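A.B. asks: Please find entry17.cif (mmCIF, C-alpha atoms and all ligand atoms) on the next line:
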data_target
loop_
_atom_site.label_atom_id
_atom_site.label_comp_id
_atom_site.auth_asym_id
_atom_site.auth_seq_id
_atom_site.Cartn_x
_atom_site.Cartn_y
_atom_site.Cartn_z
CA MET A 1452 -18.43 18.99 -2.01
CA LEU A 1453 -19.13 15.56 -0.52
CA ILE A 1454 -16.66 12.80 -1.36
CA LEU A 1455 -16.98 9.10 -0.56
CA THR A 1456 -13.64 7.28 -0.19
CA ILE A 1457 -13.27 3.49 -0.47
CA ASN A 1458 -10.19 1.50 0.56
CA PRO A 1459 -10.53 -2.30 0.70
CA GLY A 1460 -7.99 -4.37 2.65
CA SER A 1461 -7.68 -8.12 2.97
CA THR A 1462 -10.14 -8.44 5.88
CA SER A 1463 -11.81 -5.03 6.02
CA THR A 1464 -13.06 -2.15 3.88
CA LYS A 1465 -12.22 1.34 5.09
CA VAL A 1466 -14.79 3.96 4.08
CA ALA A 1467 -14.98 7.67 4.82
CA ILE A 1468 -17.07 10.69 3.93
CA PHE A 1469 -15.39 14.06 3.41
CA ALA A 1470 -16.93 17.52 3.00
CA ASP A 1471 -14.17 19.06 0.88
CA ASN A 1472 -10.98 18.32 2.86
CA LYS A 1473 -12.78 17.80 6.19
CA LYS A 1474 -13.35 14.21 7.22
CA LEU A 1475 -16.90 13.86 8.54
CA VAL A 1476 -16.77 10.18 9.39
CA GLN A 1477 -14.53 7.15 8.83
CA ARG A 1478 -15.43 3.53 9.48
CA THR A 1479 -13.56 0.26 9.15
CA LEU A 1480 -16.12 -2.30 7.97
CA ARG A 1481 -14.68 -5.58 9.25
CA HIS A 1482 -15.42 -8.71 7.25
CA ASP A 1483 -15.54 -12.00 9.05
CA VAL A 1484 -12.73 -14.30 7.87
CA ASP A 1485 -15.27 -17.18 7.70
CA GLU A 1486 -17.50 -15.02 5.50
CA LEU A 1487 -14.61 -14.15 3.13
CA GLU A 1488 -13.44 -17.75 2.91
CA LYS A 1489 -16.66 -18.56 1.01
CA PHE A 1490 -15.27 -16.63 -1.97
CA ASN A 1491 -12.79 -18.35 -4.27
CA ASP A 1492 -11.55 -15.09 -5.73
CA ILE A 1493 -11.24 -11.51 -4.43
CA MET A 1494 -13.46 -10.23 -7.28
CA GLU A 1495 -16.29 -12.48 -6.12
CA GLN A 1496 -16.49 -10.25 -3.02
CA GLU A 1497 -17.75 -7.27 -5.03
CA GLU A 1498 -21.46 -7.48 -4.15
CA PHE A 1499 -20.77 -8.47 -0.53
CA ARG A 1500 -18.49 -5.49 0.11
CA LYS A 1501 -20.68 -3.14 -1.95
CA LYS A 1502 -23.64 -3.94 0.27
CA ALA A 1503 -21.55 -3.24 3.39
CA ILE A 1504 -20.60 0.18 1.93
CA LEU A 1505 -24.19 1.01 0.99
CA ASP A 1506 -25.37 0.05 4.49
CA PHE A 1507 -22.71 2.39 5.92
CA ILE A 1508 -23.76 5.29 3.67
CA GLU A 1509 -27.42 4.83 4.58
CA SER A 1510 -26.64 4.52 8.28
CA GLU A 1511 -24.94 7.93 8.04
CA GLY A 1512 -28.06 9.38 6.37
CA TYR A 1513 -26.70 9.73 2.79
CA LYS A 1514 -27.58 8.43 -0.68
CA ILE A 1515 -25.06 7.88 -3.49
CA GLU A 1516 -26.56 10.84 -5.38
CA ASP A 1517 -25.46 13.15 -2.53
CA PHE A 1518 -21.78 12.71 -3.42
CA SER A 1519 -19.80 14.85 -5.88
CA ALA A 1520 -17.30 12.04 -6.41
CA ILE A 1521 -16.21 8.59 -5.26
CA ALA A 1522 -12.47 8.29 -4.57
CA CYS A 1523 -11.08 4.76 -4.60
CA ARG A 1524 -7.73 3.18 -3.76
CA GLY A 1525 -6.22 2.20 -7.10
CA GLY A 1526 -5.43 -1.45 -7.62
CA ILE A 1527 -2.79 -3.33 -9.53
CA LEU A 1528 -2.98 -1.85 -13.00
CA PRO A 1529 -0.03 -2.05 -15.38
CA PRO A 1530 2.77 0.38 -14.37
CA LEU A 1531 1.56 4.00 -14.50
CA GLU A 1532 2.47 7.56 -13.49
CA SER A 1533 1.55 9.07 -10.14
CA GLY A 1534 -1.69 11.11 -10.16
CA THR A 1535 -5.49 10.93 -10.17
CA TYR A 1536 -7.19 8.83 -12.86
CA VAL A 1537 -10.81 8.61 -14.04
CA VAL A 1538 -12.30 5.17 -13.43
CA ASP A 1539 -13.92 3.97 -16.67
CA GLU A 1540 -15.18 0.71 -18.15
CA ASN A 1541 -11.75 -0.05 -19.58
CA MET A 1542 -10.10 0.16 -16.16
CA VAL A 1543 -12.85 -1.85 -14.48
CA ASP A 1544 -12.55 -4.57 -17.12
CA TYR A 1545 -8.79 -4.74 -16.54
CA LEU A 1546 -9.13 -4.98 -12.76
CA LYS A 1547 -11.90 -7.57 -12.99
CA ASN A 1548 -10.63 -9.79 -15.75
CA LYS A 1549 -6.99 -9.15 -16.60
CA THR A 1550 -4.88 -8.13 -13.63
CA LYS A 1551 -2.52 -10.95 -12.72
CA VAL A 1552 -1.91 -9.90 -9.10
CA LYS A 1553 -4.79 -10.61 -6.73
CA HIS A 1554 -5.02 -7.78 -4.22
CA ALA A 1555 -7.98 -6.36 -2.28
CA SER A 1556 -7.26 -2.88 -3.70
CA ASN A 1557 -8.39 -4.18 -7.11
CA LEU A 1558 -11.95 -4.14 -5.74
CA ALA A 1559 -12.12 -0.41 -4.94
CA ALA A 1560 -12.57 1.03 -8.44
CA VAL A 1561 -14.82 -1.88 -9.43
CA ILE A 1562 -17.17 -1.21 -6.52
CA GLY A 1563 -16.98 2.59 -6.91
CA PHE A 1564 -17.87 2.36 -10.61
CA SER A 1565 -20.81 0.09 -9.88
CA LEU A 1566 -22.07 2.32 -7.03
CA SER A 1567 -21.93 5.40 -9.25
CA SER A 1568 -23.86 3.82 -12.18
CA GLY A 1569 -22.48 6.67 -14.30
CA ARG A 1570 -24.17 9.34 -12.14
CA ILE A 1571 -21.08 10.77 -10.46
CA PRO A 1572 -17.36 10.72 -11.29
CA VAL A 1573 -15.18 7.98 -9.82
CA TYR A 1574 -11.42 8.41 -9.39
CA ILE A 1575 -8.37 6.53 -8.21
CA THR A 1576 -5.22 8.28 -6.95
CA ASP A 1577 -1.65 6.95 -6.76
CA PRO A 1578 -2.44 3.26 -7.15
CA VAL A 1579 -0.25 0.46 -5.87
CA SER A 1580 1.38 0.15 -9.31
CA VAL A 1581 2.63 3.77 -9.62
CA ASP A 1582 5.88 3.34 -11.49
CA GLU A 1583 8.55 6.06 -11.63
CA MET A 1584 11.52 3.69 -11.41
CA ILE A 1585 14.77 4.47 -13.18
CA ASP A 1586 15.74 1.92 -15.82
CA GLU A 1587 18.63 0.45 -13.82
CA ALA A 1588 16.17 -0.44 -11.05
CA ARG A 1589 14.10 -2.61 -13.41
CA ILE A 1590 16.83 -5.16 -14.05
CA SER A 1591 16.39 -8.26 -11.90
CA GLY A 1592 19.34 -10.33 -13.04
CA ILE A 1593 17.37 -12.58 -15.38
CA PRO A 1594 15.82 -11.22 -18.60
CA GLU A 1595 12.54 -13.13 -18.11
CA ILE A 1596 11.87 -11.28 -14.85
CA GLU A 1597 11.55 -7.50 -14.59
CA ARG A 1598 11.53 -5.82 -11.19
CA LEU A 1599 8.17 -4.13 -10.54
CA SER A 1600 7.17 -1.02 -8.66
CA LEU A 1601 4.43 -2.22 -6.28
CA ALA A 1602 4.27 -0.09 -3.16
CA HIS A 1603 2.06 1.77 -0.69
CA ALA A 1604 2.31 4.70 -3.10
CA LEU A 1605 -0.84 6.48 -1.92
CA ASN A 1606 0.29 6.91 1.69
CA ILE A 1607 3.95 7.33 0.77
CA LYS A 1608 3.29 10.21 -1.66
CA ALA A 1609 0.99 11.93 0.87
CA VAL A 1610 3.59 11.57 3.63
CA ALA A 1611 6.33 12.83 1.29
CA ARG A 1612 4.36 16.06 0.74
CA GLU A 1613 3.68 16.38 4.48
CA VAL A 1614 7.36 16.05 5.47
CA ALA A 1615 8.42 18.40 2.66
CA SER A 1616 6.00 21.01 4.00
CA GLN A 1617 7.42 20.51 7.52
CA LEU A 1618 10.84 21.29 5.99
CA GLY A 1619 9.42 24.36 4.24
CA LYS A 1620 10.10 22.84 0.80
CA LYS A 1621 8.23 21.20 -2.05
CA TYR A 1622 8.34 17.43 -2.49
CA GLU A 1623 9.88 18.10 -5.91
CA GLU A 1624 12.85 19.87 -4.28
CA LEU A 1625 13.92 17.05 -1.97
CA ASN A 1626 15.52 13.61 -1.92
CA MET A 1627 13.92 11.24 0.57
CA VAL A 1628 13.86 7.62 1.62
CA ILE A 1629 10.38 6.68 2.83
CA ALA A 1630 9.54 3.36 4.51
CA HIS A 1631 5.89 2.35 4.94
CA LEU A 1632 5.71 -0.28 7.70
CA GLY A 1633 2.37 -2.09 7.79
CA GLY A 1634 1.26 -5.68 7.15
CA GLY A 1635 3.46 -5.32 4.06
CA ILE A 1636 6.55 -3.11 3.87
CA SER A 1637 7.60 -0.69 1.11
CA VAL A 1638 10.96 1.09 1.28
CA THR A 1639 11.23 3.73 -1.43
CA ALA A 1640 13.81 6.21 -2.78
CA HIS A 1641 12.48 9.60 -3.95
CA GLU A 1642 14.54 11.93 -6.12
CA LYS A 1643 13.03 15.38 -6.59
CA GLY A 1644 9.41 14.17 -6.52
CA ARG A 1645 9.86 10.85 -8.31
CA MET A 1646 9.87 7.43 -6.64
CA ILE A 1647 12.90 6.08 -8.48
CA ASP A 1648 13.25 2.71 -6.73
CA VAL A 1649 11.10 0.58 -4.44
CA ASN A 1650 11.17 -2.92 -3.04
CA ASN A 1651 8.13 -4.67 -4.52
CA ALA A 1652 6.15 -4.89 -1.25
CA ASN A 1653 4.67 -8.24 -2.20
CA ASP A 1654 7.86 -10.04 -3.20
CA GLU A 1655 11.04 -8.24 -2.22
CA GLY A 1656 12.80 -6.29 0.50
CA PRO A 1657 12.54 -6.88 4.24
CA PHE A 1658 10.27 -9.55 5.65
CA SER A 1659 7.16 -7.93 7.07
CA PRO A 1660 4.49 -8.91 9.62
CA GLU A 1661 2.89 -11.26 7.06
CA ARG A 1662 5.19 -11.47 4.01
CA THR A 1663 8.55 -13.13 3.50
CA GLY A 1664 10.04 -10.41 1.30
CA GLU A 1665 13.24 -11.45 -0.46
CA LEU A 1666 14.32 -15.09 0.03
CA PRO A 1667 17.40 -17.13 -0.92
CA VAL A 1668 16.42 -18.18 -4.43
CA GLY A 1669 18.01 -21.65 -4.45
CA ASP A 1670 16.06 -22.64 -1.34
CA VAL A 1671 12.84 -21.25 -2.84
CA VAL A 1672 13.36 -23.51 -5.87
CA LYS A 1673 13.81 -26.50 -3.54
CA LEU A 1674 10.60 -25.61 -1.71
CA CYS A 1675 8.69 -25.25 -4.98
CA PHE A 1676 9.71 -28.72 -6.11
CA SER A 1677 9.49 -30.41 -2.71
CA GLY A 1678 5.99 -31.68 -3.44
CA LYS A 1679 4.90 -30.31 -0.06
CA TYR A 1680 2.99 -27.33 -1.42
CA SER A 1681 0.67 -26.45 -4.29
CA LYS A 1682 1.30 -23.21 -6.24
CA ASN A 1683 -1.46 -21.42 -4.32
CA GLU A 1684 -0.21 -22.68 -0.96
CA LEU A 1685 3.26 -21.36 -1.77
CA LYS A 1686 1.89 -17.96 -2.81
CA LYS A 1687 0.02 -17.75 0.49
CA LEU A 1688 3.12 -18.86 2.37
CA PHE A 1689 5.13 -16.00 0.86
CA VAL A 1690 2.39 -13.33 1.05
CA GLY A 1691 -0.01 -13.69 3.98
CA LYS A 1692 1.56 -16.47 6.04
CA GLY A 1693 5.20 -15.43 5.85
CA GLY A 1694 7.31 -13.03 7.92
CA LEU A 1695 6.33 -12.66 11.57
CA VAL A 1696 3.25 -14.85 11.04
CA ALA A 1697 5.55 -17.74 10.10
CA TYR A 1698 7.85 -17.27 13.10
CA VAL A 1699 5.47 -16.08 15.81
CA GLY A 1700 1.97 -16.95 14.54
CA THR A 1701 0.62 -13.39 14.38
CA ASN A 1702 0.98 -10.31 12.19
CA ASP A 1703 0.26 -8.05 15.17
CA VAL A 1704 3.54 -6.31 16.03
CA LYS A 1705 1.93 -4.38 18.88
CA LYS A 1706 0.77 -7.62 20.50
CA ILE A 1707 4.18 -9.30 20.08
CA LEU A 1708 5.90 -6.35 21.73
CA GLU A 1709 3.38 -6.17 24.58
CA GLU A 1710 2.74 -9.84 25.26
CA GLY A 1711 5.43 -11.82 23.41
CA SER A 1712 8.39 -13.73 24.85
CA ASP A 1713 11.99 -12.56 24.38
CA GLU A 1714 12.35 -15.09 21.61
CA GLU A 1715 9.25 -13.75 19.82
CA ARG A 1716 10.43 -10.16 20.17
CA PHE A 1717 13.77 -11.17 18.65
CA PHE A 1718 11.97 -11.68 15.32
CA VAL A 1719 10.72 -8.08 15.45
CA ASP A 1720 14.35 -7.00 15.94
CA ALA A 1721 15.33 -9.10 12.93
CA MET A 1722 12.62 -7.36 10.88
CA VAL A 1723 13.91 -3.97 12.05
CA TYR A 1724 17.42 -5.03 10.98
CA GLN A 1725 16.20 -5.91 7.48
CA ILE A 1726 14.22 -2.66 7.21
CA ALA A 1727 17.32 -0.63 8.15
CA LYS A 1728 19.40 -2.55 5.61
CA GLU A 1729 16.85 -1.70 2.87
CA ILE A 1730 16.83 1.97 3.93
CA GLY A 1731 20.62 2.03 3.67
CA GLY A 1732 20.37 0.59 0.15
CA MET A 1733 17.90 3.29 -0.88
CA CYS A 1734 20.28 5.97 0.52
CA ALA A 1735 22.91 4.53 -1.83
CA VAL A 1736 20.39 4.76 -4.71
CA LEU A 1737 20.25 8.51 -3.95
CA LYS A 1738 24.09 8.60 -3.92
CA GLY A 1739 24.00 9.64 -0.26
CA LYS A 1740 22.27 12.94 -1.03
CA VAL A 1741 19.31 12.40 1.29
CA ASP A 1742 17.34 15.23 2.90
CA ALA A 1743 15.11 13.01 5.03
CA ILE A 1744 14.44 9.41 5.98
CA VAL A 1745 10.76 8.94 6.85
CA ILE A 1746 9.17 6.06 8.77
CA THR A 1747 5.39 5.72 8.37
CA GLY A 1748 2.62 3.06 8.58
CA GLY A 1749 1.03 1.35 11.59
CA ILE A 1750 4.30 0.04 13.06
CA ALA A 1751 5.67 3.60 13.22
CA ASN A 1752 3.19 4.11 16.08
CA ASN A 1753 5.82 2.47 18.26
CA PRO A 1754 8.55 5.00 19.14
CA LYS A 1755 10.92 2.23 20.27
CA ILE A 1756 10.85 0.63 16.81
CA VAL A 1757 11.45 3.99 15.18
CA GLU A 1758 14.39 4.56 17.55
CA LYS A 1759 15.84 1.13 16.72
CA ILE A 1760 15.66 1.84 12.99
CA LYS A 1761 17.18 5.26 13.65
CA SER A 1762 20.10 3.68 15.52
CA TYR A 1763 21.14 2.02 12.22
CA VAL A 1764 20.48 4.86 9.76
CA PHE A 1765 20.82 8.16 11.67
CA LYS A 1766 24.17 8.95 10.03
CA PHE A 1767 22.59 9.03 6.56
CA ALA A 1768 20.00 11.81 7.06
CA PRO A 1769 17.55 13.27 9.61
CA VAL A 1770 14.89 10.69 10.50
CA PHE A 1771 11.19 11.67 10.64
CA SER A 1772 8.35 9.56 12.00
CA VAL A 1773 4.83 9.95 10.56
CA PRO A 1774 2.88 7.16 12.32
CA GLY A 1775 -0.21 5.59 10.78
CA GLU A 1776 -1.46 6.04 7.27
CA PHE A 1777 -3.30 8.84 5.52
CA GLU A 1778 -4.77 6.94 2.62
CA MET A 1779 -8.35 8.17 3.04
CA GLU A 1780 -7.19 11.81 3.22
CA ALA A 1781 -4.93 11.29 0.19
CA LEU A 1782 -7.83 9.80 -1.80
CA ALA A 1783 -10.19 12.64 -0.90
CA MET A 1784 -7.56 15.28 -1.73
CA GLY A 1785 -6.75 13.59 -5.05
CA ALA A 1786 -10.43 13.77 -6.09
CA LEU A 1787 -10.84 17.29 -4.67
CA ARG A 1788 -7.90 18.68 -6.69
CA VAL A 1789 -9.69 17.46 -9.82
CA LEU A 1790 -13.15 18.69 -8.74
CA ARG A 1791 -11.68 22.13 -8.00
CA GLY A 1792 -9.95 22.22 -11.38
CA GLU A 1793 -6.48 22.36 -9.78
CA GLU A 1794 -5.42 19.18 -11.55
CA LYS A 1795 -6.69 17.36 -14.62
CA ALA A 1796 -7.67 13.73 -14.06
CA LYS A 1797 -5.73 11.36 -16.30
CA THR A 1798 -7.43 8.80 -18.50
CA TRP A 1799 -5.94 5.38 -18.10
CA GLY A 1800 -4.86 3.57 -21.26
CA GLU A 1801 -3.92 -0.07 -21.03
CA LYS A 1802 -0.21 -0.47 -21.72
CA ASP A 1803 1.86 -3.62 -22.12
CA GLU A 1804 1.17 -5.72 -19.09
CA LYS A 1805 4.34 -6.53 -17.23
CA ILE A 1806 2.96 -7.90 -13.99
CA SER A 1807 2.77 -11.68 -13.71
N1 LIG A 1901 1.52 1.16 18.78
C1 LIG A 1901 1.95 0.20 17.98
N2 LIG A 1901 3.11 -0.43 18.26
C2 LIG A 1901 3.60 -1.42 17.46
N3 LIG A 1901 2.97 -1.85 16.35
C3 LIG A 1901 1.80 -1.26 16.04
C4 LIG A 1901 1.24 -0.21 16.81
N4 LIG A 1901 0.07 0.17 16.23
C5 LIG A 1901 -0.08 -0.63 15.13
N5 LIG A 1901 0.96 -1.49 15.02
C6 LIG A 1901 1.18 -2.56 14.06
O1 LIG A 1901 1.05 -2.08 12.73
C7 LIG A 1901 0.70 -3.19 11.90
C8 LIG A 1901 -0.44 -2.76 10.99
O2 LIG A 1901 -0.05 -1.63 10.29
P1 LIG A 1901 -1.04 -0.95 9.24
O3 LIG A 1901 -0.28 0.15 8.57
O4 LIG A 1901 -2.33 -0.64 9.91
O5 LIG A 1901 -1.17 -2.18 8.26
P2 LIG A 1901 -2.05 -2.51 6.99
O6 LIG A 1901 -2.79 -1.24 6.61
O7 LIG A 1901 -1.03 -2.93 6.03
O8 LIG A 1901 -2.94 -3.62 7.46
C9 LIG A 1901 0.28 -4.33 12.82
O9 LIG A 1901 1.32 -5.27 12.90
C10 LIG A 1901 0.10 -3.61 14.14
O10 LIG A 1901 0.33 -4.47 15.25
C1 LIG A 1902 1.56 -4.58 -3.06
C2 LIG A 1902 1.94 -3.23 -2.46
C3 LIG A 1902 0.86 -2.55 -1.66
C4 LIG A 1902 0.48 -3.32 -0.46
O1 LIG A 1902 1.20 -4.19 0.01
O2 LIG A 1902 -0.70 -2.97 0.12
P1 LIG A 1902 -1.35 -3.69 1.43
O3 LIG A 1902 -0.37 -3.61 2.53
O4 LIG A 1902 -2.60 -2.88 1.67
O5 LIG A 1902 -1.63 -5.12 1.04
#
Kindly return the structure encoded in the file as structure tokens.
Ligand SMILES: Nc1ncnc2c1ncn2[C@@H]1O[C@H](COP(=O)(O)OP(=O)(O)O)[C@@H](O)[C@H]1O
Ligand SMILES: CCCC(=O)OP(=O)(O)O
C.D. replies:
Amino acid sequence: MLILTINPGSTSTKVAIFADNKKLVQRTLRHDVDELEKFNDIMEQEEFRKKAILDFIESEGYKIEDFSAIACRGGILPPLESGTYVVDENMVDYLKNKTKVKHASNLAAVIGFSLSSGRIPVYITDPVSVDEMIDEARISGIPEIERLSLAHALNIKAVAREVASQLGKKYEELNMVIAHLGGGISVTAHEKGRMIDVNNANDEGPFSPERTGELPVGDVVKLCFSGKYSKNELKKLFVGKGGLVAYVGTNDVKKILEEGSDEERFFVDAMVYQIAKEIGGMCAVLKGKVDAIVITGGIANNPKIVEKIKSYVFKFAPVFSVPGEFEMEALAMGALRVLRGEEKAKTWGEKDEKIS
């Protein structure tokens, strides 16, 4: 069975074609920043990115009708259970017109649904808003604000299953802390197959290559009312222009480590320190009963960073490194389990929207 996978990021769209679980081809379709700046809103990029995907499919000698399914990265829907969901008009309407968090992943199902024109099934698996948090984790400290589960759930769940299989166990039998280290950072606590706490990778936790993470709230209030920034400028400052970008001017950790000055590399050490601190917190969430700590994402490609994190947390549990991300594989496998009848695809029903 042929499966097309679609995974949009802020400046690129990753696409791949699988024959069952075998990846035939993967391409990162890069979008010029100047080109993207013409669009006021992420959703306005639908036709532009769709054309790039169609060009890719044709260049590989396929037509949409050749595929048994389209598997898309799920966007920011209201909180929902882990699993594979059918993309329908209801979901597309939500992602296009109602979601309050702008994120490139919101485009995937919208484009997949449009490409299919009802001819083939379209699925999402483990979207960013997978929510398995325990109730205590939802309390922020102010009733008007609820903590949200926004994480790199797709890669994290796939990596959790991979490490469990390395340990000869099922994901559902283990307790793990899994940190995805990319442009954004998610540190997550997993109890017997459920992701019971996560730092919201947009707003909380360690600073990342391009996000501030958690900030001292009093100073944030001062910044908001300083008159220096509009609301949109502040949002971009916190997500996109924060973290290493703010200190060093780039989100490229590899480049900083290879070409940066000692002072610039210090900020990577500070990020490592914050990541380790978050991992320690998640070990406490699991009451110290932790079978594995797992470091994944692009930054895990650097063994020295993994070693530095390990130097802080090695006493808590064995540390595993799974560099890179396996989102395309996880999408294809999510769709394949449904196509093979191993799992039933869930139908998404709009719940109370909690994301603002
Ligand atoms: N070998 C490496 N050493 C250090 N950092 C790396 C290495 N390879 C990739 N990275 C860093 O990983 C980050 C991107 O991670 P990735 O998971 O691809 O992010 P995203 O998918 O969120 O854009 C970049 O900062 C990049 O420099
Ligand atoms: C908002 C959580 C997921 C996330 O940060 O994804 P990207 O790193 O792809 O922006």
A.B. asks: Mind checking which residues fall within 9 Å of Ile1515 of chain A, counting all atoms listed in the file, ignoring those fewer than 2 positions away in the same chain, and posting them as an NGL selection string?
C.D. replies: :A and (1455 or 1505 or 1508-1509 or 1513 or 1517-1518 or 1566-1567 or 1570-1571)
A.B. asks: Please identify every polymer residue within 6 Å of ligand LIG 1902 (chain A), using only C-alpha atoms and all ligand atoms, and present the set as a ChimeraX atom specification.
C.D. replies: /A:1460,1579,1601-1603,1634-1635,1652-1653
A.B. asks: Between A:Ile1454, A:Ile1750, A:Met1779, A:Leu1685, single out the one closest to Gly1633 of chain A, counting only C-alpha atoms.
C.D. replies: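 The shortest atom-to-atom distance to Gly1633 of chain A comes from A:Ile1750.
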A.B. asks: Could you please determine the separation between atom CA of Ala1467 of chain A and atom CA of Leu1528 of chain A in Å, to one decimal place?
C.D. replies: 23.5 Å
A.B. asks: For ligand LIG 1901 (chain A), return the neighbouring residues as a PyMOL selection string (distance at most 10 Å; only C-alpha atoms and all ligand atoms).
C.D. replies: chain A and resi 1458-1463+1465+1603+1606+1631-1636+1659-1661+1695-1696+1701-1709+1719+1747-1757+1774-1778
A.B. asks: Find the residue from A:Ile1596, A:Ala1588, A:Val1552, A:Val1764 that sits nearest to Lys1728 of chain A; use only C-alpha atoms when measuring.
C.D. replies: A:Val1764
A.B. asks: Between A:Val1690, A:Ile1629, A:Val1581, A:Leu1790, single out the one closest to Asp1654 of chain A, counting all atoms listed in the file.
C.D. replies: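 Answer, going by the shortest atom-to-atom distance: A:Val1690.
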A.B. asks: Of the candidates A:Ile1726, A:Val1484, A:Ile1468, A:Ala1721, which shows the shortest atom-to-atom distance to Leu1453 of chain A, using all atoms listed in the file?
C.D. replies: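 Closest to Leu1453 of chain A, using all atoms listed in the file: A:Ile1468.
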A.B. asks: Could the residues of segment 1618-1690 of chain A that have an atom at most 7 Å from segment 1741-1746 of chain A be listed as a Markdown table, each with its closest atom pair and the distance in Å to one decimal, counting all atoms listed in the file and ordered by chain and ascending residue number?
C.D. replies:
| residue | atom | partner | partner_atom | distance |
| --- | --- | --- | --- | --- |
| A:Leu1625 | CA | A:Asp1742 | CA | 6.2 |
| A:Asn1626 | CA | A:Val1741 | CA | 5.1 |
| A:Met1627 | CA | A:Ala1743 | CA | 4.9 |
| A:Val1628 | CA | A:Ile1744 | CA | 4.7 |
| A:Ile1629 | CA | A:Val1745 | CA | 4.6 |
| A:Ala1630 | CA | A:Ile1746 | CA | 5.1 |
| A:His1631 | CA | A:Ile1746 | CA | 6.3 |
A.B. asks: Have a look at A:Met1722, A:Met1784, A:Leu1605, A:Ala1615 and name the one nearest to Phe1469 of chain A; count all atoms listed in the file.
C.D. replies: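 Under the stated criterion, the closest residue is A:Met1784.
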A.B. asks: Would you mind writing segment 1643-1656 of chain A with N, CA and C atoms, as a short mmCIF file (atom, residue, chain, number, x, y, z; two decimals), in the frame of the given file?
C.D. replies:
data_model
loop_
_atom_site.label_atom_id
_atom_site.label_comp_id
_atom_site.auth_asym_id
_atom_site.auth_seq_id
_atom_site.Cartn_x
_atom_site.Cartn_y
_atom_site.Cartn_z
N LYS A 1643 13.73 14.19 -6.06
CA LYS A 1643 13.03 15.38 -6.59
C LYS A 1643 11.61 15.05 -7.07
N GLY A 1644 10.83 14.40 -6.22
CA GLY A 1644 9.41 14.17 -6.52
C GLY A 1644 9.10 12.92 -7.33
N ARG A 1645 10.12 12.11 -7.60
CA ARG A 1645 9.86 10.85 -8.31
C ARG A 1645 10.37 9.67 -7.49
N MET A 1646 9.53 8.62 -7.45
CA MET A 1646 9.87 7.43 -6.64
C MET A 1646 10.71 6.51 -7.52
N ILE A 1647 12.04 6.69 -7.45
CA ILE A 1647 12.90 6.08 -8.48
C ILE A 1647 13.26 4.61 -8.21
N ASP A 1648 13.06 4.15 -6.99
CA ASP A 1648 13.25 2.71 -6.73
C ASP A 1648 12.38 2.32 -5.55
N VAL A 1649 11.93 1.08 -5.54
CA VAL A 1649 11.10 0.58 -4.44
C VAL A 1649 11.30 -0.93 -4.36
N ASN A 1650 11.24 -1.46 -3.12
CA ASN A 1650 11.17 -2.92 -3.04
C ASN A 1650 9.72 -3.28 -3.35
N ASN A 1651 9.49 -4.19 -4.26
CA ASN A 1651 8.13 -4.67 -4.52
C ASN A 1651 7.60 -5.23 -3.18
N ALA A 1652 6.59 -4.55 -2.62
CA ALA A 1652 6.15 -4.89 -1.25
C ALA A 1652 5.50 -6.26 -1.13
N ASN A 1653 5.21 -6.88 -2.25
CA ASN A 1653 4.67 -8.24 -2.20
C ASN A 1653 5.79 -9.28 -2.19
N ASP A 1654 6.90 -8.98 -2.89
CA ASP A 1654 7.86 -10.04 -3.20
C ASP A 1654 9.30 -9.79 -2.75
N GLU A 1655 9.62 -8.55 -2.44
CA GLU A 1655 11.04 -8.24 -2.22
C GLU A 1655 11.23 -7.50 -0.89
N GLY A 1656 12.48 -7.14 -0.64
CA GLY A 1656 12.80 -6.29 0.50
C GLY A 1656 12.72 -7.03 1.82
#
